[in-house]
Amino acid sequence: MSGGARAGEDAAIEGVAGYEVVVGLEVHCELSTATKLFCGCANAFGAPPNTQVCPVCLGLPGSLPVLNRRAVELAMRIGSALHCEIRPSTFHRKNYFYPDMPKDYQISQYDEPVNADGYLELPGGARVGIERAHIEEDTGKTTHVGGGGRIHDADHSLVDYNRAGVPLVEIVSRPDIRGAEQARSYVSELRAVLVATGASDGRMEEGSLRVDANVSVRREGSEGLGTRCEVKNLNSLRSLGRAIDFEAERQVAVLRSGGRVVQETRHWDEDEGRTSSMRSKEEANDYRYFAEPDLVPLVPDEELLERATRAMPVLPAARRVRLSALVGDDTAADQVTTVVDLGLDDLVVAAAALGADASLALRRAANEAAQRPEQARRIDAGVFARLLSLESAGTLSATQSKAVLAEVLESGGDPEEIARRLGFEALPAAELEAVLDEVVASHPAEWERYVGGDDKVAQLLTGLVMRATRGRANGKAVAAALASRRA
Amino acid sequence: MTPAASGALALAAQVRAGERSAASVLEESLAAIRGRDPELHCFNALADAHARERADEVDRLVASGTDPGPLAGVPVALKDNICTRSAPTTCSSRILAGWTPPYDATVVSRLAAAGAVVVGKTNLDEFAMGSSTENSATGPTRNPWDTGRVPGGSSGGSAAAVAAGMVPVALGSDTGGSIRQPAALCGVVGVKPTYGVVSRYGLVAFASSLDQIGPLATTVAEAAAVLEAIAGHDDRDSTSLEQAAPRCSEVLDDGARGLRVGVVADFLADASPDCTGAVRAAADVLAGHGASVEEVALPELLHGLSAYYLIAPAEASSNLARYDGVRYGLRVDAPDVETMNGRTRAAGFGPEVKRRVMLGTYVLSAGYYDAYYAQAQRVRTLVARAFARAYAGVDVLLAPTTPSVAFPLGSKTSDPLEMYLADLFTIPSNLAGHPAMSVPFALGEGGMPVGVQVLAPALGERAMFRAAAVVESGADPRARGPVPARGAR
Ligand SMILES: [Zn+2]
């Protein structure tokens, strides 16, 4: 590494003031098909190594690829959801040697991708251009054992070909993204779209979604693009944001110190929180693309197009609009985004239709239900609505309501029944009055101040009542009882 | 009598009728192989144990009154680049030595379904790259007509095995003439079908857009029967045509009346007098049977050779990348993966394969792609257009298969370009994806057989076989295998 580059990295903390950060993202999305892209092997995560393989996905001599029509259909659904032009396309071979690539070439799409020229609208309304979304096959997975866990210093490497040949769609954005925050927003929005179309399970942690970032910086107000670096190994939204911030600061520092950004591929190290050079443009592979002779051009017939675009689900942008309109509260935008991202908006809308308070439904969905989204997506809207009504009516306190909701998420069941089991039956009015009598008697000074108009002390008195009833009292009911005594 | 001398169709008829057992036919074939293969080296491996099981199965079917199929009990040899579970598939390369595929090629399953019995795997130029079967890690195959000469290539082992009477029929693969050229040099019939008529699933790829499997046999009728058994759509090959396999056997007696034949004038100037003379004599035979014959000018076809030697190596450089020592075949250990890849390939590939991989890598490289690969693709289009122009006026074309008869071993190994010229007349059909076949017709220089090539447009197999049957009827019967053992002359 040159001295200039190291100086740049140490100076990263100086920030990017005066510069604009320009990002383009390449997102690899594994399609949730039953079988792989070119063979009949199962496309499933987590099987024992090298158990989901056959002559085709192992690239054995003599084997030939046969295109999975379902993968094509899902790729076209993605294109449709991203407002792309869906068009006739061809496959190419991308040639380079790597042990986890069985044929030592990857079948991909090159100059004629199936989807081109679309856009993705982000929650704030900004549009990010989509250059292309093309079909390609995944590689196997290499584990480097020993050394630093990278190929060059490993003792040996193990390759699992279960993933080889899994269908991918690579979605390439235009360099329309400005900074880490917007990049994260783009990826979570894209993820939501991919999940909504049924094309992907969207699991970043299992590698279903993998992101590479092309980062460059330019002086504010400048029109041209700076020299970009491609950052790899971004395994979470958090890594993505941190890596872009680091990389932008590094590049700005290089420029400030009079240096020049070198076009290269850089590796993000999550533990060290920095990027480091993998290979420069000069060392980059010449992929020797040429038309894949084992496959024929992909000309989508009417039936395939129809199937791909038919029954397209309501996409996240439209769902956010629907939920915001229902709640009617502009300050709840973050909660709306969360709920739509997690696919809980249908639950909120359905509960509201059954009479639940929409704002309360949104709040409980965005805060409590969001902790366990898988379970939350399965709960019955009627159950959710009844629980919310108990809370609105003051039968359950907010704390109690949350506890019941947690129980519903955990093991299901009827809210009233759970409330009874947890001892959350509303405190009878007479018992509450009796407890109040005790509290007033034991804290005369505080009561005097409350009667004298000091509202701040109401919280203390309420807390004392709650403690005496071991949380069984409803906060609203206590407040009402206190107020009526003072009057 | 050897199995080949009886003929595949006669053998199958006898086995189906219960007059002969498939087991006895097989033993005859294995005995013929044992007798002559030490001298000729047609085979890389025998699948005798599996073949005996298969033959017994055929005999059991006959005994139970079930028809085992049109090729019942017929011994077949397979070029050693066709994947078989029953025997290793090595492509005559050190890099695949001892590798037995876990699956059968589609043609192997289809042969089995037709009742045929695979006896073994035949020698070839490594990965089918060559025209003499001298580029083989297992040593050269010799021509049974004259063991001092090459059998042609790359399907030299298959052609020589049929010519020597070891098997009545064999399969080869043809990327630029690799079935037709050795067929011509060994005095047997060799057919390259229309691209997509026979499934390539299980054929180890050399140049995927050009490769096609086809039969070698002693007669046109046997070749037609084998082609019908192996042809037809296969879901496992995306380039396989949807059309049903062309029925060629039924046109063999149709004669040539009304057939329009063109003689490719441009090829005659580049062939030796015996090869040129055979084409003219074959044209006379066709005319004598009522065909109209005219000469056609197709100068573009001669450019096919240079286009082929850019396209085929380009595809080969990619197809052969997988032999990297990681998953199967040879591995030469090294401290790191890249060095292991390099050492494995350096030790595993022969010089001709290395030459073509390097050439192919070069022509696909950034900065050279347009000048070489893209330009070659334009020439390929030009060749197809020239053919289209000719086929507007004729049904089939007649041409020499090779520029000369079989040449002596070692005479062209030092000059790759000289060797490449052996495919000058066969390459255009591969570039266009058209069918073409070689029919033994006359004896030429040194008493060696001379083949005549019949070419047809895509899916023109029926017209091609019709013309070939007529040419065969007028051929010198001495020009046709099997030949008795004669040794070097
Ligand atoms: Zn597979």
# chains A, B, ... in the order shown; residues from 1 in each chain; ligands from 1
call {"tool": "select_by_dssp", "arguments": {"residues": "segment 313-402 of chain A", "states": "helix (DSSP H, G or I)", "output": "PyMOL selection string"}}
result
chain A and resi 316-327+330-341+345-353+358-367+369-371+373-376+381-392+398-402
call {"tool": "interface_residues", "arguments": {"of": "chain A", "to": "chain B", "cutoff": "10 Å", "atoms": "only C-alpha atoms", "output": "PDB file with N, CA, C and O atoms, in the first residue's frame"}}
result
ATOM      1  N   PHE A  38     -30.076 -23.962 -13.892  1.00  0.00           N
ATOM      2  CA  PHE A  38     -29.854 -24.767 -15.097  1.00  0.00           C
ATOM      3  C   PHE A  38     -29.968 -26.268 -14.872  1.00  0.00           C
ATOM      4  O   PHE A  38     -29.604 -27.057 -15.739  1.00  0.00           O
ATOM      5  N   CYS A  39     -30.419 -26.688 -13.687  1.00  0.00           N
ATOM      6  CA  CYS A  39     -30.555 -28.125 -13.434  1.00  0.00           C
ATOM      7  C   CYS A  39     -31.708 -28.333 -12.453  1.00  0.00           C
ATOM      8  O   CYS A  39     -32.332 -27.386 -11.999  1.00  0.00           O
ATOM      9  N   CYS A  54     -25.346 -32.040  -9.038  1.00  0.00           N
ATOM     10  CA  CYS A  54     -25.535 -33.022 -10.106  1.00  0.00           C
ATOM     11  C   CYS A  54     -24.495 -32.715 -11.186  1.00  0.00           C
ATOM     12  O   CYS A  54     -23.755 -31.739 -11.072  1.00  0.00           O
ATOM     13  N   PRO A  55     -24.426 -33.546 -12.231  1.00  0.00           N
ATOM     14  CA  PRO A  55     -23.420 -33.286 -13.273  1.00  0.00           C
ATOM     15  C   PRO A  55     -23.497 -31.863 -13.831  1.00  0.00           C
ATOM     16  O   PRO A  55     -22.459 -31.265 -14.151  1.00  0.00           O
ATOM     17  N   VAL A  56     -24.705 -31.290 -13.929  1.00  0.00           N
ATOM     18  CA  VAL A  56     -24.836 -29.971 -14.552  1.00  0.00           C
ATOM     19  C   VAL A  56     -24.257 -28.886 -13.651  1.00  0.00           C
ATOM     20  O   VAL A  56     -23.408 -28.091 -14.077  1.00  0.00           O
ATOM     21  N   LEU A  58     -22.292 -29.196 -11.189  1.00  0.00           N
ATOM     22  CA  LEU A  58     -20.871 -29.429 -10.912  1.00  0.00           C
ATOM     23  C   LEU A  58     -20.028 -29.170 -12.157  1.00  0.00           C
ATOM     24  O   LEU A  58     -18.806 -29.273 -12.117  1.00  0.00           O
ATOM     25  N   GLY A  59     -20.701 -28.864 -13.275  1.00  0.00           N
ATOM     26  CA  GLY A  59     -19.973 -28.582 -14.512  1.00  0.00           C
ATOM     27  C   GLY A  59     -19.180 -29.776 -15.012  1.00  0.00           C
ATOM     28  O   GLY A  59     -18.126 -29.613 -15.610  1.00  0.00           O
ATOM     29  N   LEU A  60     -19.678 -30.988 -14.772  1.00  0.00           N
ATOM     30  CA  LEU A  60     -18.941 -32.161 -15.235  1.00  0.00           C
ATOM     31  C   LEU A  60     -18.837 -32.132 -16.755  1.00  0.00           C
ATOM     32  O   LEU A  60     -19.730 -31.628 -17.439  1.00  0.00           O
ATOM     33  N   PRO A  61     -17.758 -32.681 -17.303  1.00  0.00           N
ATOM     34  CA  PRO A  61     -17.605 -32.720 -18.759  1.00  0.00           C
ATOM     35  C   PRO A  61     -18.852 -33.326 -19.414  1.00  0.00           C
ATOM     36  O   PRO A  61     -19.367 -34.339 -18.945  1.00  0.00           O
ATOM     37  N   GLY A  62     -19.314 -32.694 -20.484  1.00  0.00           N
ATOM     38  CA  GLY A  62     -20.452 -33.234 -21.220  1.00  0.00           C
ATOM     39  C   GLY A  62     -21.810 -32.741 -20.758  1.00  0.00           C
ATOM     40  O   GLY A  62     -22.804 -32.912 -21.451  1.00  0.00           O
ATOM     41  N   SER A  63     -21.867 -32.133 -19.577  1.00  0.00           N
ATOM     42  CA  SER A  63     -23.173 -31.678 -19.091  1.00  0.00           C
ATOM     43  C   SER A  63     -23.559 -30.366 -19.771  1.00  0.00           C
ATOM     44  O   SER A  63     -22.702 -29.626 -20.242  1.00  0.00           O
ATOM     45  N   LEU A  64     -24.860 -30.099 -19.830  1.00  0.00           N
ATOM     46  CA  LEU A  64     -25.364 -28.902 -20.515  1.00  0.00           C
ATOM     47  C   LEU A  64     -26.418 -28.218 -19.656  1.00  0.00           C
ATOM     48  O   LEU A  64     -27.168 -28.885 -18.946  1.00  0.00           O
ATOM     49  N   PRO A  65     -26.508 -26.883 -19.746  1.00  0.00           N
ATOM     50  CA  PRO A  65     -27.501 -26.150 -18.965  1.00  0.00           C
ATOM     51  C   PRO A  65     -28.869 -26.104 -19.655  1.00  0.00           C
ATOM     52  O   PRO A  65     -28.941 -26.024 -20.879  1.00  0.00           O
ATOM     53  N   VAL A  66     -29.924 -26.194 -18.859  1.00  0.00           N
ATOM     54  CA  VAL A  66     -31.274 -25.995 -19.380  1.00  0.00           C
ATOM     55  C   VAL A  66     -31.940 -24.934 -18.495  1.00  0.00           C
ATOM     56  O   VAL A  66     -32.023 -25.091 -17.284  1.00  0.00           O
ATOM     57  N   LEU A  67     -32.371 -23.846 -19.122  1.00  0.00           N
ATOM     58  CA  LEU A  67     -32.851 -22.683 -18.371  1.00  0.00           C
ATOM     59  C   LEU A  67     -34.155 -22.976 -17.622  1.00  0.00           C
ATOM     60  O   LEU A  67     -35.104 -23.506 -18.199  1.00  0.00           O
ATOM     61  N   ARG A  93     -20.962 -16.053 -21.527  1.00  0.00           N
ATOM     62  CA  ARG A  93     -20.056 -16.656 -20.552  1.00  0.00           C
ATOM     63  C   ARG A  93     -19.090 -15.592 -20.054  1.00  0.00           C
ATOM     64  O   ARG A  93     -18.496 -14.872 -20.853  1.00  0.00           O
ATOM     65  N   LYS A  94     -18.943 -15.544 -18.744  1.00  0.00           N
ATOM     66  CA  LYS A  94     -17.965 -14.660 -18.112  1.00  0.00           C
ATOM     67  C   LYS A  94     -16.840 -15.577 -17.628  1.00  0.00           C
ATOM     68  O   LYS A  94     -17.045 -16.375 -16.712  1.00  0.00           O
ATOM     69  N   ASN A  95     -15.691 -15.485 -18.282  1.00  0.00           N
ATOM     70  CA  ASN A  95     -14.622 -16.463 -18.043  1.00  0.00           C
ATOM     71  C   ASN A  95     -13.606 -15.975 -17.024  1.00  0.00           C
ATOM     72  O   ASN A  95     -12.985 -14.927 -17.219  1.00  0.00           O
ATOM     73  N   TYR A  96     -13.446 -16.711 -15.945  1.00  0.00           N
ATOM     74  CA  TYR A  96     -12.314 -16.505 -15.027  1.00  0.00           C
ATOM     75  C   TYR A  96     -12.187 -17.732 -14.139  1.00  0.00           C
ATOM     76  O   TYR A  96     -13.153 -18.461 -13.927  1.00  0.00           O
ATOM     77  N   PHE A  97     -10.968 -17.949 -13.675  1.00  0.00           N
ATOM     78  CA  PHE A  97     -10.708 -19.136 -12.862  1.00  0.00           C
ATOM     79  C   PHE A  97     -10.986 -18.844 -11.404  1.00  0.00           C
ATOM     80  O   PHE A  97     -10.496 -17.866 -10.859  1.00  0.00           O
ATOM     81  N   TYR A  98     -11.802 -19.677 -10.781  1.00  0.00           N
ATOM     82  CA  TYR A  98     -11.955 -19.609  -9.335  1.00  0.00           C
ATOM     83  C   TYR A  98     -12.477 -20.964  -8.865  1.00  0.00           C
ATOM     84  O   TYR A  98     -13.370 -21.524  -9.494  1.00  0.00           O
ATOM     85  N   PRO A  99     -11.903 -21.502  -7.777  1.00  0.00           N
ATOM     86  CA  PRO A  99     -12.242 -22.880  -7.409  1.00  0.00           C
ATOM     87  C   PRO A  99     -13.724 -23.115  -7.134  1.00  0.00           C
ATOM     88  O   PRO A  99     -14.203 -24.229  -7.303  1.00  0.00           O
ATOM     89  N   ASP A 100     -14.453 -22.083  -6.692  1.00  0.00           N
ATOM     90  CA  ASP A 100     -15.858 -22.340  -6.377  1.00  0.00           C
ATOM     91  C   ASP A 100     -16.763 -22.204  -7.594  1.00  0.00           C
ATOM     92  O   ASP A 100     -17.983 -22.318  -7.486  1.00  0.00           O
ATOM     93  N   MET A 101     -16.166 -21.988  -8.758  1.00  0.00           N
ATOM     94  CA  MET A 101     -16.963 -21.884  -9.982  1.00  0.00           C
ATOM     95  C   MET A 101     -16.709 -23.141 -10.822  1.00  0.00           C
ATOM     96  O   MET A 101     -15.659 -23.272 -11.434  1.00  0.00           O
ATOM     97  N   PRO A 102     -17.667 -24.069 -10.833  1.00  0.00           N
ATOM     98  CA  PRO A 102     -17.403 -25.404 -11.389  1.00  0.00           C
ATOM     99  C   PRO A 102     -16.900 -25.403 -12.829  1.00  0.00           C
ATOM    100  O   PRO A 102     -16.075 -26.225 -13.188  1.00  0.00           O
ATOM    101  N   LYS A 103     -17.407 -24.522 -13.669  1.00  0.00           N
ATOM    102  CA  LYS A 103     -17.006 -24.552 -15.071  1.00  0.00           C
ATOM    103  C   LYS A 103     -15.854 -23.588 -15.338  1.00  0.00           C
ATOM    104  O   LYS A 103     -15.365 -23.501 -16.452  1.00  0.00           O
ATOM    105  N   ASP A 104     -15.450 -22.842 -14.336  1.00  0.00           N
ATOM    106  CA  ASP A 104     -14.486 -21.755 -14.490  1.00  0.00           C
ATOM    107  C   ASP A 104     -14.978 -20.699 -15.487  1.00  0.00           C
ATOM    108  O   ASP A 104     -14.188 -19.982 -16.101  1.00  0.00           O
ATOM    109  N   TYR A 105     -16.285 -20.678 -15.680  1.00  0.00           N
ATOM    110  CA  TYR A 105     -16.943 -19.510 -16.270  1.00  0.00           C
ATOM    111  C   TYR A 105     -18.324 -19.432 -15.639  1.00  0.00           C
ATOM    112  O   TYR A 105     -18.844 -20.440 -15.139  1.00  0.00           O
ATOM    113  N   ILE A 151      -8.162 -16.166   0.668  1.00  0.00           N
ATOM    114  CA  ILE A 151      -7.563 -17.238  -0.133  1.00  0.00           C
ATOM    115  C   ILE A 151      -6.038 -17.236  -0.087  1.00  0.00           C
ATOM    116  O   ILE A 151      -5.408 -18.284  -0.084  1.00  0.00           O
ATOM    117  N   HIS A 152      -5.433 -16.040   0.009  1.00  0.00           N
ATOM    118  CA  HIS A 152      -3.984 -15.995  -0.166  1.00  0.00           C
ATOM    119  C   HIS A 152      -3.205 -16.474   1.044  1.00  0.00           C
ATOM    120  O   HIS A 152      -2.070 -16.915   0.911  1.00  0.00           O
ATOM    121  N   ASP A 153      -3.803 -16.412   2.237  1.00  0.00           N
ATOM    122  CA  ASP A 153      -3.028 -16.861   3.388  1.00  0.00           C
ATOM    123  C   ASP A 153      -3.650 -18.085   4.062  1.00  0.00           C
ATOM    124  O   ASP A 153      -3.238 -18.478   5.151  1.00  0.00           O
ATOM    125  N   ALA A 154      -4.623 -18.732   3.399  1.00  0.00           N
ATOM    126  CA  ALA A 154      -5.273 -19.888   4.013  1.00  0.00           C
ATOM    127  C   ALA A 154      -4.367 -21.120   3.942  1.00  0.00           C
ATOM    128  O   ALA A 154      -3.551 -21.253   3.038  1.00  0.00           O
ATOM    129  N   ASP A 155      -4.532 -22.032   4.922  1.00  0.00           N
ATOM    130  CA  ASP A 155      -3.831 -23.319   4.877  1.00  0.00           C
ATOM    131  C   ASP A 155      -4.442 -24.183   3.779  1.00  0.00           C
ATOM    132  O   ASP A 155      -3.768 -24.807   2.992  1.00  0.00           O
ATOM    133  N   HIS A 156      -5.749 -24.253   3.802  1.00  0.00           N
ATOM    134  CA  HIS A 156      -6.452 -24.948   2.732  1.00  0.00           C
ATOM    135  C   HIS A 156      -7.859 -24.361   2.636  1.00  0.00           C
ATOM    136  O   HIS A 156      -8.282 -23.592   3.502  1.00  0.00           O
ATOM    137  N   SER A 157      -8.573 -24.727   1.569  1.00  0.00           N
ATOM    138  CA  SER A 157      -9.906 -24.176   1.347  1.00  0.00           C
ATOM    139  C   SER A 157     -10.886 -25.310   1.107  1.00  0.00           C
ATOM    140  O   SER A 157     -10.520 -26.333   0.525  1.00  0.00           O
ATOM    141  N   VAL A 159     -14.722 -26.224  -0.474  1.00  0.00           N
ATOM    142  CA  VAL A 159     -15.726 -25.667  -1.378  1.00  0.00           C
ATOM    143  C   VAL A 159     -17.025 -26.462  -1.273  1.00  0.00           C
ATOM    144  O   VAL A 159     -17.013 -27.688  -1.317  1.00  0.00           O
ATOM    145  N   ASP A 286      -9.786 -10.012 -17.361  1.00  0.00           N
ATOM    146  CA  ASP A 286     -10.402  -9.820 -18.663  1.00  0.00           C
ATOM    147  C   ASP A 286     -11.357 -11.001 -18.808  1.00  0.00           C
ATOM    148  O   ASP A 286     -10.923 -12.137 -18.966  1.00  0.00           O
ATOM    149  N   TYR A 287     -12.644 -10.732 -18.697  1.00  0.00           N
ATOM    150  CA  TYR A 287     -13.609 -11.826 -18.587  1.00  0.00           C
ATOM    151  C   TYR A 287     -13.888 -12.530 -19.914  1.00  0.00           C
ATOM    152  O   TYR A 287     -14.585 -13.524 -19.951  1.00  0.00           O
ATOM    153  N   ARG A 288     -13.389 -12.008 -21.004  1.00  0.00           N
ATOM    154  CA  ARG A 288     -13.536 -12.657 -22.312  1.00  0.00           C
ATOM    155  C   ARG A 288     -14.984 -13.125 -22.554  1.00  0.00           C
ATOM    156  O   ARG A 288     -15.245 -14.281 -22.861  1.00  0.00           O
ATOM    157  N   TYR A 289     -15.903 -12.199 -22.368  1.00  0.00           N
ATOM    158  CA  TYR A 289     -17.319 -12.516 -22.602  1.00  0.00           C
ATOM    159  C   TYR A 289     -17.543 -12.996 -24.033  1.00  0.00           C
ATOM    160  O   TYR A 289     -16.986 -12.427 -24.977  1.00  0.00           O
ATOM    161  N   PHE A 290     -18.336 -14.015 -24.197  1.00  0.00           N
ATOM    162  CA  PHE A 290     -18.845 -14.348 -25.535  1.00  0.00           C
ATOM    163  C   PHE A 290     -20.167 -15.079 -25.364  1.00  0.00           C
ATOM    164  O   PHE A 290     -20.473 -15.603 -24.291  1.00  0.00           O
ATOM    165  N   ALA A 291     -20.964 -15.084 -26.442  1.00  0.00           N
ATOM    166  CA  ALA A 291     -22.320 -15.630 -26.368  1.00  0.00           C
ATOM    167  C   ALA A 291     -22.281 -17.100 -25.972  1.00  0.00           C
ATOM    168  O   ALA A 291     -21.520 -17.880 -26.539  1.00  0.00           O
ATOM    169  N   GLU A 292     -23.074 -17.484 -24.982  1.00  0.00           N
ATOM    170  CA  GLU A 292     -23.119 -18.864 -24.472  1.00  0.00           C
ATOM    171  C   GLU A 292     -23.711 -19.773 -25.551  1.00  0.00           C
ATOM    172  O   GLU A 292     -24.910 -19.693 -25.860  1.00  0.00           O
ATOM    173  N   PRO A 293     -22.882 -20.644 -26.148  1.00  0.00           N
ATOM    174  CA  PRO A 293     -23.388 -21.476 -27.248  1.00  0.00           C
ATOM    175  C   PRO A 293     -24.313 -22.611 -26.803  1.00  0.00           C
ATOM    176  O   PRO A 293     -24.972 -23.218 -27.640  1.00  0.00           O
ATOM    177  N   ASP A 294     -24.354 -22.889 -25.494  1.00  0.00           N
ATOM    178  CA  ASP A 294     -25.193 -23.991 -25.015  1.00  0.00           C
ATOM    179  C   ASP A 294     -26.632 -23.560 -24.726  1.00  0.00           C
ATOM    180  O   ASP A 294     -27.457 -24.388 -24.353  1.00  0.00           O
ATOM    181  N   LEU A 295     -26.906 -22.250 -24.853  1.00  0.00           N
ATOM    182  CA  LEU A 295     -28.272 -21.770 -24.610  1.00  0.00           C
ATOM    183  C   LEU A 295     -28.756 -20.976 -25.811  1.00  0.00           C
ATOM    184  O   LEU A 295     -27.964 -20.374 -26.520  1.00  0.00           O
ATOM    185  N   VAL A 296     -30.044 -21.000 -26.020  1.00  0.00           N
ATOM    186  CA  VAL A 296     -30.617 -20.233 -27.127  1.00  0.00           C
ATOM    187  C   VAL A 296     -31.087 -18.883 -26.578  1.00  0.00           C
ATOM    188  O   VAL A 296     -31.269 -18.736 -25.384  1.00  0.00           O
TER     189      VAL A 296
END
call {"tool": "residues_around", "arguments": {"residues": "Leu398 of chain B", "least_positions_apart": "6", "cutoff": "7 Å", "atoms": "only C-alpha atoms", "output": "JSON, numbers by chain"}}
result
{"B": [261, 262, 263, 264, 279, 453, 454, 455]}
call {"tool": "residues_around", "arguments": {"residues": "Pro88 of chain B", "least_positions_apart": "3", "cutoff": "6 Å", "atoms": "only C-alpha atoms", "output": "list in words"}}
result
Gly98, Trp99 and Thr100 of chain B
call {"tool": "closest_atom_pairs", "arguments": {"of": "segment 362-396 of chain B", "to": "segment 458-478 of chain B", "cutoff": "12 Å", "atoms": "only C-alpha atoms", "output": "Markdown table"}}
result
| residue | atom | partner | partner_atom | distance |
| --- | --- | --- | --- | --- |
| B:Ala384 | CA | B:Ala458 | CA | 10.4 |
| B:Phe387 | CA | B:Ala458 | CA | 10.2 |
| B:Ala388 | CA | B:Ala458 | CA | 10.0 |
| B:Tyr391 | CA | B:Ala458 | CA | 10.2 |
| B:Val394 | CA | B:Ala463 | CA | 10.5 |
| B:Asp395 | CA | B:Ala463 | CA | 6.8 |
| B:Val396 | CA | B:Met464 | CA | 6.3 |
call {"tool": "residues_around", "arguments": {"residues": "His233 of chain B", "least_positions_apart": "4", "cutoff": "8 Å", "atoms": "only C-alpha atoms", "output": "ChimeraX atom specification"}}
result
/B:196-199,240-245
call {"tool": "atom_distance", "arguments": {"atom1": "atom CA of Leu315 of chain A", "atom2": "atom CA of Arg174 of chain A"}}
result
21.0 Å
